[in-house]
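First comes the structure, then the notes that go with it.
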Amino acid sequence: MTIGIPRETADRERRVALVPEVVRRLRTAGHEVVVEPGAGLAAGVSDAAFAAAGAALGDPWDADVVAKVSPPRDGEIARLRPGTILVGFLNPLGDPDGLAAVAATGATALAMERIPRISRAQSMDALSSQATIAGYRAVVVAALELPRLFPMFMTAAGTVPPAQVLVLGAGVAGLQAISTARRLGAVVTAFDVRSAVKEQVQSLGAKFFEVAGVGDAEAVGGYARELTAAEQEAQRAALAAQMARSDVIITTAQVPGRPAPTLVPADAVAAMKPGSVVVDLAAETGGNCALTRPGETVLTDNGVKVLGPLNLPSEMPEHASSLYARNVLALLELGFDFDDEVIRGACVVRDGAVV
């Protein structure tokens with residue numbers, strides 16, 4: 001089998017789908033790897049490093065499998081051919097037109113975000129690997145933007161109290177954000193509509209915020225279902241006081257295939273202290289904060305910064321690429337048996353038809 005690795009062309013994308021370590025393992029298994037020149041430069045991987053690992057430098061689009069990170073653009077889709085298997089983040093629920101365009105080429109496509117969340121597919125779970133980096137990065141960004149210290153400082157000049165951090169959503173990104181904020185010395189409170197994560201939050205040293213009137217909202221696969229209007233209102237009212245006390249709010253709540261729920265209304269931001277920071281990890285799907293502008297930083301009249309970062313994992317491309325490459329490797333090692341529940345779950349286009 002030949003695996004092709006194109007250079008990513010999407011805005012803000014610095015990752016690469018494979019790294020030399022994984023190329024060596026594929027070559028040992030008897031596979032050929034073709035890397036487009038310059039594909040790894042933004043992630044700190046030179047063409048020479050790929051060549052030393054056994055990859056050929058050339059046109060990756062003639063390969064049996066084309067592995068990408070971001071969804072292909074129109075010009076890239078046009079280079080697919082019947083029989084090619086495309087692997088990557090393909091945004092199947094958010095970009096049906098792009099999926100239809102891939103299908104029109106006769107190619108088959110596996111979406112990394114559709115890998116079933118079952119135990120034997122954990123090594124292929126690219127959503128989780130990249131969310132881990134996003135959660136860590138969100139806290140680092142918040143610490144840089146906050147004009148106050150995260151940890152408590154006891155000095156001869158007096159004591160500085162620790163920062164109060166509120167994390168909304170305790171999925172993979174949220175749990176990593178909690179862990180990182182705790183390591184930096186903050187006092188952390190977390191909220192999630194799924195009651196099952198309470199013990200995980202507490203095990204990381206954070207307080208779990210419970211809202212009366214909001215039942216367990218865990219859906220199939222461990223994701224959160226969309227709350228009813230009444231549940232959303234109860235949630236916002238209960239969280240308002242905690243938001244006002246917070247120096248940092250990190251939001252991570254997303255519902256697959258739907259706009260992100262609004263968890264932080266404008267009046268809650270208005271009640272926060274000057275200098276406070278909101279980092280909205282759901283900015284790409286509309287944002288959890290009413291004031292979020294995707295890709296921008298908003299400074300409110302009361303001096304609160306609302307950040308809507310896009311593609312945070314790509315800001316740490318070396319490790320993000322390394323983890324993603326291992327996810328892709330695990331999928332390739334599984335093979336392409338379309339009766340297998342993992343492959344069947346990830347397959348969004350097969351032989352020219354959207355499935």
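Every chain in the structure tokens takes a letter, A first, then B, and so on in the order presented; its residues are numbered from 1, and the ligands are numbered from 1 following the presented order.
For Val269 of chain A, the set of protein, DNA and RNA residues having any atom at most 9 Å away, when counting only C-alpha atoms and skipping those fewer than 5 positions along the same chain, is Met243, Ala244, Val264, Ser276, Val278, Cys289, Ala290, Leu291, Thr300, Asn302, Val304 and Val306 of chain A.
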Shell around segment 143-160 of chain A at 12 Å using only C-alpha atoms, local window under 2 positions removed, as a compact mmCIF listing (two decimals) with C-alpha atoms, in the first residue's frame:
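So the final result, stored in out_11.txt, reads:
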# COMPACT_ATOMS: atom_id res chain seq x y z
CA TYR A 136 -3.61 22.61 27.68
CA ARG A 137 -3.04 25.46 25.26
CA ALA A 138 -6.22 27.25 26.36
CA VAL A 139 -4.91 27.53 29.92
CA VAL A 140 -1.49 28.72 28.77
CA VAL A 141 -3.16 31.40 26.63
CA PRO A 162 -4.87 32.22 43.66
CA ALA A 163 -6.81 32.78 40.45
CA GLN A 164 -10.33 31.40 40.23
CA VAL A 165 -10.79 29.35 37.06
CA ALA A 177 -7.66 22.40 31.06
CA THR A 180 -3.17 22.30 33.64
CA ALA A 181 -4.83 25.11 35.62
CA ARG A 182 -4.42 23.11 38.83
CA ARG A 183 -0.73 22.55 38.08
CA LEU A 184 -0.36 26.31 37.69
CA GLY A 185 -1.86 26.76 41.15
CA ALA A 186 -5.37 28.03 40.35
CA VAL A 187 -8.51 27.15 42.26
CA VAL A 188 -10.64 25.35 39.66
CA SER A 246 -14.05 33.82 38.13
CA ASP A 247 -10.81 35.35 36.88
CA VAL A 248 -10.76 32.92 33.93
CA ILE A 249 -13.54 31.04 32.17
CA ILE A 250 -12.60 28.31 29.69
CA LYS A 273 -13.88 41.76 37.13
CA PRO A 274 -11.79 43.98 34.85
CA GLY A 275 -8.85 42.03 33.45
CA SER A 276 -10.70 38.70 33.53
CA VAL A 277 -10.36 36.36 30.55
CA VAL A 278 -12.75 34.09 28.66
CA VAL A 279 -11.17 31.49 26.32
CA THR A 297 -10.03 38.84 20.78
CA LEU A 299 -12.14 43.62 24.78
CA GLY A 303 -12.16 45.32 30.56
CA VAL A 304 -12.80 41.61 30.06
CA LYS A 305 -11.02 39.82 27.22
CA VAL A 306 -13.05 37.26 25.25
CA LEU A 307 -10.82 35.08 23.07
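You can rank A:Gly135, A:Gly88, A:Pro20, A:Pro317 by their closest distance to Ala48 of chain A using only C-alpha atoms, and at the top of that list sits A:Pro20.
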field: Nearest candidate to Ile343 of chain A (options A:Ile77, A:Met112, A:Val102, A:Ala320; using only C-alpha atoms)
entry: A:Met112
task: Within segment 13-151 of chain A, find each residue whose DSSP state, derived from the backbone, is strand (DSSP E), and express the selection as a PyMOL selection string.
output: chain A and resi 32-35+56-57+65-67+85-88+108-111
I need the residues from that last selection saved to file as a compact mmCIF listing (two decimals), in the first residue's frame (with N, CA and C atoms), if you can.
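Once everything was written out, this is result.txt:
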# COMPACT_ATOMS: atom_id res chain seq x y z
N GLU A 32 4.76 1.87 1.22
CA GLU A 32 5.47 3.00 0.64
C GLU A 32 4.83 4.30 1.14
N VAL A 33 5.63 5.31 1.38
CA VAL A 33 5.13 6.62 1.82
C VAL A 33 5.68 7.69 0.89
N VAL A 34 4.78 8.52 0.35
CA VAL A 34 5.18 9.62 -0.53
C VAL A 34 4.75 10.92 0.14
N VAL A 35 5.71 11.80 0.38
CA VAL A 35 5.45 13.06 1.06
C VAL A 35 5.66 14.22 0.10
N ALA A 56 9.53 8.77 0.20
CA ALA A 56 9.89 9.40 -1.07
C ALA A 56 9.26 10.77 -1.12
N LEU A 57 9.94 11.72 -1.73
CA LEU A 57 9.39 13.07 -1.90
C LEU A 57 8.80 13.16 -3.30
N VAL A 65 -3.71 5.57 -0.45
CA VAL A 65 -4.32 6.26 0.69
C VAL A 65 -3.72 7.65 0.77
N VAL A 66 -4.55 8.67 0.87
CA VAL A 66 -4.09 10.04 1.07
C VAL A 66 -4.50 10.46 2.47
N ALA A 67 -3.52 10.73 3.33
CA ALA A 67 -3.79 11.10 4.72
C ALA A 67 -3.57 12.60 4.91
N ILE A 85 -8.40 6.18 -1.08
CA ILE A 85 -9.00 6.28 0.26
C ILE A 85 -8.45 7.55 0.92
N LEU A 86 -9.32 8.49 1.22
CA LEU A 86 -8.94 9.74 1.88
C LEU A 86 -9.19 9.60 3.37
N VAL A 87 -8.18 9.96 4.17
CA VAL A 87 -8.28 9.89 5.63
C VAL A 87 -7.95 11.26 6.20
N GLY A 88 -8.78 11.74 7.12
CA GLY A 88 -8.49 13.03 7.75
C GLY A 88 -9.70 13.56 8.49
N THR A 108 -13.09 7.02 -1.72
CA THR A 108 -13.66 6.61 -0.44
C THR A 108 -13.04 7.48 0.64
N ALA A 109 -13.80 7.85 1.65
CA ALA A 109 -13.30 8.77 2.67
C ALA A 109 -13.62 8.26 4.07
N LEU A 110 -12.61 8.34 4.95
CA LEU A 110 -12.77 8.00 6.36
C LEU A 110 -12.53 9.26 7.18
N ALA A 111 -13.51 9.66 7.96
CA ALA A 111 -13.41 10.87 8.78
C ALA A 111 -12.89 10.51 10.16
Using only C-alpha atoms, which residues sit within 12 Å of Glu21 of chain A once same-chain residues fewer than 5 positions away are excluded, as a compact mmCIF listing (two decimals) with N, CA, C and O atoms, in the first residue's frame?
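To be explicit, this is the file written out as out.txt:
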# COMPACT_ATOMS: atom_id res chain seq x y z
N LEU A 26 5.77 2.38 9.12
CA LEU A 26 5.05 1.97 7.91
C LEU A 26 5.99 1.31 6.91
O LEU A 26 5.63 0.32 6.27
N ARG A 27 7.17 1.85 6.79
CA ARG A 27 8.15 1.27 5.86
C ARG A 27 8.56 -0.13 6.34
O ARG A 27 8.72 -1.05 5.53
N THR A 28 8.73 -0.30 7.65
CA THR A 28 9.07 -1.61 8.20
C THR A 28 7.98 -2.64 7.90
O THR A 28 8.26 -3.83 7.68
N VAL A 45 9.36 19.59 10.74
CA VAL A 45 9.90 18.37 10.14
C VAL A 45 10.41 18.69 8.74
O VAL A 45 9.64 19.10 7.86
N ALA A 49 14.41 14.90 6.89
CA ALA A 49 14.02 13.98 7.96
C ALA A 49 13.05 12.92 7.45
O ALA A 49 13.14 11.74 7.82
N PHE A 50 12.13 13.34 6.58
CA PHE A 50 11.22 12.35 5.98
C PHE A 50 12.00 11.37 5.09
O PHE A 50 11.75 10.17 5.13
N ALA A 51 12.91 11.90 4.30
CA ALA A 51 13.70 11.03 3.42
C ALA A 51 14.53 10.04 4.23
O ALA A 51 14.65 8.86 3.86
N ALA A 52 15.11 10.50 5.33
CA ALA A 52 15.92 9.62 6.17
C ALA A 52 15.09 8.51 6.79
O ALA A 52 15.60 7.43 7.10
N ALA A 53 13.79 8.79 6.97
CA ALA A 53 12.89 7.78 7.54
C ALA A 53 12.39 6.79 6.49
O ALA A 53 11.69 5.83 6.83
N GLY A 54 12.72 7.05 5.23
CA GLY A 54 12.34 6.12 4.17
C GLY A 54 11.24 6.59 3.26
O GLY A 54 10.78 5.83 2.38
N ALA A 55 10.78 7.82 3.43
CA ALA A 55 9.72 8.35 2.57
C ALA A 55 10.32 8.87 1.26
O ALA A 55 11.46 9.35 1.23
N SER A 321 1.07 17.01 15.68
CA SER A 321 1.31 16.14 14.52
C SER A 321 1.73 14.74 14.95
O SER A 321 1.30 13.74 14.37
N SER A 322 2.57 14.67 15.97
CA SER A 322 3.05 13.37 16.44
C SER A 322 1.90 12.51 16.94
O SER A 322 1.79 11.32 16.61
N LEU A 323 1.01 13.10 17.75
CA LEU A 323 -0.12 12.35 18.28
C LEU A 323 -1.08 11.96 17.16
O LEU A 323 -1.58 10.83 17.11
N ALA A 325 -0.42 11.57 14.00
CA ALA A 325 0.21 10.55 13.14
C ALA A 325 0.05 9.16 13.74
O ALA A 325 -0.17 8.17 13.03
N ARG A 326 0.14 9.06 15.07
CA ARG A 326 -0.04 7.76 15.71
C ARG A 326 -1.49 7.30 15.60
O ARG A 326 -1.76 6.09 15.48
N LEU A 329 -1.74 5.99 12.08
CA LEU A 329 -1.05 4.71 12.00
C LEU A 329 -1.92 3.58 12.54
O LEU A 329 -2.03 2.51 11.92
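Taking atom CA of Ala103 of chain A and atom CA of Ser70 of chain A as endpoints, the distance between them is 17.1 Å.
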field: DSSP-assigned helix (DSSP H, G or I) among segment 135-251 of chain A, expressed as JSON, numbers by chain
entry: {"A": [135, 136, 137, 138, 139, 140, 141, 142, 143, 144, 145, 172, 173, 174, 175, 176, 177, 178, 179, 180, 181, 182, 183, 195, 196, 197, 198, 199, 200, 201, 202, 203, 220, 221, 222, 229, 230, 231, 232, 233, 234, 235, 236, 237, 238, 239, 240, 241, 242, 243, 244, 245]}
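Compared by their closest atoms to Asp351 of chain A, and using only C-alpha atoms, the residues A:Gly335, A:Thr84, A:Arg120, A:Ala100 rank with A:Thr84 nearest.
Considering the residues A:Arg245, A:His319, A:Arg12, A:His31 and counting only C-alpha atoms, Ala271 of chain A has its shortest atom-to-atom contact with A:Arg245.
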